[in-house]
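K.L.:
Pasting a structure below so you can have a look.
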Amino acid sequence: MATMSPAPAEPDVPLLEVRDLEVEFRTRDGVAKAVDRVSFSVGAGETLAVLGESGSGKSVTAQAVMGILDSPPGFVTGGQVLFRGADLLTAGAEERRRVRGARMAMIFQDALSALNPVLTVGAQLAEMFRVHEGRSRKESRAKAVELMERVRIPAARTRVNDYPHQFSGGMRQRIMIAMALALEPDLIIADEPTTALDVTVQAQVMDLLAELQREYRMGLVLITHDLGVVADVADRIAVMYAGRIMETAPVHDLYKNPAHPYTRGLLDSIPRLDRKGHELYAVKGLPPNLMAIPPGCPFHPRCPRVRDICLADRPEPAPLTGADGRELPGRTSACHFRKDELHA
Amino acid sequence: MGRYVIRRLLQMIPVFIGSTFLIFVMVYALGDPVAALFGEKAPDPATAAQIRHDLYLDQPIWKQYLHYMGQIFQGDFGTAFNGQPVTELMGEAFPVTLRLTLVAVVIEIAVGITLGVVSGLRRGRSVDSTVLMITLIVISVPTFVTGYVLQYLFGVEWGIVRPSVSADATFGELLLPGTVLALVSLAYVTRLSRTSIAENVRADYVRTAVAKGLPRHRVIVRHLLRNSLIPVVTFIGTDIGVLMGGAIVTERIFNIHGVGFQLYQGVLRNNSPTVVGFVTVLVIVFLLANLLVDLCYAVLDPRIRYA
């Protein structure tokens with residue numbers, strides 16, 4: 001299976017590299033800067049979690065990378081999306097379509113609405129092979145059954161003719177995963193894949209996803225607002241706020257030692273058993289309106305450690321250095337006082 | 001599903017009896033068929049009484065109705081005043097109207113849905129506004145106006161078609177009348193599919209289809225259209241019944257000897273057997289068309305279950 005995906009031409013070219021991506025929503029009420037100079041990269045077999053509140057631009061980023069942004073009102077206004085070194089944003093529509101679904105697939109949040117209600121799941125799975133590989137009807141159907149077995153749907157052979165509404169939430173999400181997995185893509189973007197599920201089913205689906213990712217050595221971009229999900233599966237985390245990346249770090253470093261007040265706030269608002277009985281911490285205030293993002297640091301109105309410079313100067317993501325003065329690999333923070341934060 | 005069909009068929013019985021009885025009462029009880037038979041002349045009382053007796057007209061109305069129904073189920077719809085069996089008239093009229101309806105429905109589906117999809121996908125743009133405006137005009141103008149105008153333009157002014165349809169009423173001849181008949185429904189189909197498409201185009205499953213890397217035409221036809229057509233099919237289904245019975249104006253304009261023409265003549269001449277017979281058949285057609293529409297739902301939308 002792993003031999004299917006060709007090795008990257010150069011080992012130092014990441015699977016997906018997003019550079020300074022900018023997305024605007026042009027609406028009647030004004031222009032919303034949904035994504036502002038967002039950069040990140042994902043390697044083969046690596047899991048990057050994009051963490052953020054609702055409206056922080058994480059889903060829009062994913063849609064822009066996939067090329068499925070609703071346009072209008074959404075427009076990519078700048079940046080690069082390098083997939084194996086080639087910029088998808090300058091590629092032709094037909095070329096992008098061939099990449100979509102085949103080399104780069106997406107899993108959506110709510111499988112019930114994301115699957116077509118009037119087509120059998122078999123038809124929706126088989127479609128991938130028919131369109132992208134030109135396989136026959138019969139072959140595609142057999143592959144669909146195979147896929148359903150891979151994601152451990154019981155009685156796949158008979159259930160292939162069922163419609164999405166006839167499955168439970170967990171099974172439906174497995175079908176979504178199977179659909180994304182169909183052509184063994186190099187990269188999967190999962191947009192809150194477990195949010196719509198029961199807690200018990202969440203773990204099952206997440207485990208399945210992680211297992212398949214290891215098996216196929218896919219890159220995984222996991223979009224979530226659930227810090228609990230992230231800790232178990234992600235290698236690295238990018239924290240988004242108001243369309244910008246606030247902090248990136250390897251997952252354990254981030255939990256142990258956040259370098260941005262926003263990240264710290266998020267971590268402090270996780271309920272903890274040893275804090276039972278105490279009031280739960282919450283980051284005060286609301287995320288900004290994307291049509292009127294505050295000048296300077298977008299987080300400054302809610303930041304407990306705000307100082308004068310934060311109101312005027314926008315901090316750019318910058319690498320972090322450890323106590324010994326050496327750069328910490330994979331760590332950036334967009335805070336003027338990142339050093340103080342890190343060593344706080 | 002089988003039980004549902006049986007229940008629906010059983011439900012049709014009271015509707016059928018009720019509607020036919022109403023027609024029967026209105027035509028026979030409120031008019032005097034014997035007087036109508038003699039036209040302008042006053043009938044000889046003895047002859048009139050004899051005819052009344054022969055035609056069961058001296059019996060109470062409910063007995064007349066039962067007798068009529070009994071005859072119908074033996075395939076006897078009675079005879080028109082000119083001595084022609086009503087079934088014979090039907091045999092001539094229904095195929096013609098059926099062809100006319102078929103032409104109209106095909107035009108309605110092909111043009112209406114195409115326009116609906118095109119404007120729905122470009123909501124708010126100039127194509128969309130133009131289509132909306134034209135459909136509004138078409139809906140507002142009565143059929144007899146569009147009918148005569150198109151007949152004059154195509155039949156007289158430009159001489160592309162013959163202004164009236166021959167007795168054969170071939171498909172070719174029925175193109176223009178079919179268009180006239182279809183116009184208003186076509187406008188509704190356009191608007192209905194436009195709204196449905198515009199609503200569904202932002203649906204999550206359409207985004208999924210795009211994310212799967214499917215070509216645009218496949219996304220639209222297989223994913224978007226299948227879902228959007230559910231309300232449209234309902235409309236077209238019920239419309240078939242309406243078109244069959246409602247072609248009166250169009251058939252008059254183009255001199256088509258179909259159901260509408262016969263009904264019109266029957267009403268005009270107080271020709272009761274013709275009117276009641278034709279209406280009875282139309283009631284059945286209407287009921288069956290409605291049942292078919294409801295069954296189509298289940299085929300189009302698997303989430304609908306009948307029990």
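Note on naming: chains are A, B, ... as they come in the structure tokens, residues start from 1 per chain, ligands start from 1 in the order shown.
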Taking only C-alpha atoms into account, what are the residues of chain B at most 10 Å from chain A, put as an NGL selection string?
P.N.:
:B and (202-216 or 218 or 222-224 or 226-227 or 299-303)
K.L.:
Next, the residues of the selection above should be written as a compact mmCIF listing (two decimals), in the first residue's frame with N, CA, C and O atoms.
P.N.:
```txt
# COMPACT_ATOMS: atom_id res chain seq x y z
N ARG B 202 -25.45 25.41 -2.03
CA ARG B 202 -24.56 25.64 -0.89
C ARG B 202 -24.59 24.49 0.11
O ARG B 202 -24.02 24.59 1.19
N ALA B 203 -25.31 23.42 -0.24
CA ALA B 203 -25.45 22.31 0.71
C ALA B 203 -24.12 21.61 0.93
O ALA B 203 -23.23 21.63 0.07
N ASP B 204 -23.99 21.02 2.11
CA ASP B 204 -22.74 20.35 2.47
C ASP B 204 -22.39 19.23 1.50
O ASP B 204 -21.22 19.06 1.15
N TYR B 205 -23.40 18.47 1.06
CA TYR B 205 -23.06 17.34 0.20
C TYR B 205 -22.56 17.79 -1.16
O TYR B 205 -21.82 17.07 -1.83
N VAL B 206 -22.95 19.00 -1.58
CA VAL B 206 -22.40 19.52 -2.84
C VAL B 206 -20.92 19.87 -2.65
O VAL B 206 -20.09 19.58 -3.50
N ARG B 207 -20.62 20.45 -1.49
CA ARG B 207 -19.22 20.76 -1.19
C ARG B 207 -18.40 19.47 -1.12
O ARG B 207 -17.27 19.42 -1.61
N THR B 208 -18.99 18.43 -0.53
CA THR B 208 -18.29 17.15 -0.49
C THR B 208 -18.00 16.66 -1.90
O THR B 208 -16.89 16.20 -2.19
N ALA B 209 -19.01 16.77 -2.76
CA ALA B 209 -18.83 16.30 -4.14
C ALA B 209 -17.70 17.06 -4.83
O ALA B 209 -16.91 16.47 -5.57
N VAL B 210 -17.61 18.36 -4.55
CA VAL B 210 -16.51 19.15 -5.14
C VAL B 210 -15.18 18.70 -4.54
O VAL B 210 -14.19 18.52 -5.25
N ALA B 211 -15.19 18.48 -3.23
CA ALA B 211 -13.96 18.07 -2.54
C ALA B 211 -13.49 16.70 -3.01
O ALA B 211 -12.31 16.37 -2.89
N LYS B 212 -14.41 15.90 -3.54
CA LYS B 212 -14.03 14.58 -4.05
C LYS B 212 -13.33 14.69 -5.39
O LYS B 212 -12.88 13.69 -5.94
N GLY B 213 -13.30 15.90 -5.94
CA GLY B 213 -12.63 16.09 -7.21
C GLY B 213 -13.48 15.66 -8.39
O GLY B 213 -12.96 15.30 -9.45
N LEU B 214 -14.80 15.68 -8.23
CA LEU B 214 -15.67 15.30 -9.35
C LEU B 214 -15.74 16.47 -10.34
O LEU B 214 -15.70 17.62 -9.93
N PRO B 215 -15.85 16.13 -11.62
CA PRO B 215 -16.01 17.20 -12.61
C PRO B 215 -17.31 17.97 -12.35
O PRO B 215 -18.27 17.42 -11.82
N ARG B 216 -17.31 19.23 -12.77
CA ARG B 216 -18.43 20.11 -12.46
C ARG B 216 -19.77 19.56 -12.94
O ARG B 216 -20.77 19.62 -12.23
N ARG B 218 -20.71 16.57 -13.31
CA ARG B 218 -21.15 15.47 -12.48
C ARG B 218 -21.68 15.96 -11.13
O ARG B 218 -22.67 15.44 -10.62
N ARG B 222 -25.49 14.86 -11.03
CA ARG B 222 -25.70 13.70 -10.17
C ARG B 222 -26.00 14.08 -8.73
O ARG B 222 -26.80 13.44 -8.06
N HIS B 223 -25.35 15.11 -8.25
CA HIS B 223 -25.51 15.44 -6.83
C HIS B 223 -26.52 16.55 -6.60
O HIS B 223 -27.43 16.42 -5.80
N LEU B 224 -26.33 17.66 -7.31
CA LEU B 224 -27.19 18.82 -7.06
C LEU B 224 -28.59 18.60 -7.63
O LEU B 224 -29.59 18.79 -6.94
N ARG B 226 -30.31 15.89 -8.64
CA ARG B 226 -31.13 14.82 -8.07
C ARG B 226 -31.89 15.31 -6.84
O ARG B 226 -33.07 15.03 -6.65
N ASN B 227 -31.20 16.07 -5.99
CA ASN B 227 -31.83 16.56 -4.77
C ASN B 227 -32.78 17.71 -5.04
O ASN B 227 -33.80 17.84 -4.38
N VAL B 299 -39.06 7.06 -4.62
CA VAL B 299 -37.97 6.71 -5.52
C VAL B 299 -36.91 7.80 -5.50
O VAL B 299 -35.71 7.53 -5.45
N LEU B 300 -37.36 9.05 -5.50
CA LEU B 300 -36.43 10.17 -5.56
C LEU B 300 -35.73 10.40 -4.23
O LEU B 300 -34.55 10.74 -4.19
N ASP B 301 -36.46 10.27 -3.15
CA ASP B 301 -35.89 10.54 -1.85
C ASP B 301 -36.02 9.32 -0.95
O ASP B 301 -37.07 9.05 -0.39
N PRO B 302 -34.94 8.57 -0.80
CA PRO B 302 -35.01 7.32 -0.04
C PRO B 302 -35.33 7.53 1.43
O PRO B 302 -35.65 6.58 2.14
N ARG B 303 -35.24 8.78 1.91
CA ARG B 303 -35.55 9.01 3.31
C ARG B 303 -37.04 8.90 3.58
O ARG B 303 -37.47 8.74 4.71
```
K.L.:
As a PyMOL selection string, list the residues of range 35-262 of chain A assigned to helix (DSSP H, G or I) by DSSP on the backbone atoms of this structure.
P.N.:
chain A and resi 58-66+93-99+111-114+121-133+137-150+156-159+164-166+169-181+199-216+227-233+251-256+261-262
K.L.:
Can you pull out every residue within 9 Å of Thr101 in chain B, counting only C-alpha atoms, but drop anything in the same chain fewer than 2 positions away, and send it as a ChimeraX atom specification?
P.N.:
/B:96-99,103-106,178,181-182,240,243-244,247
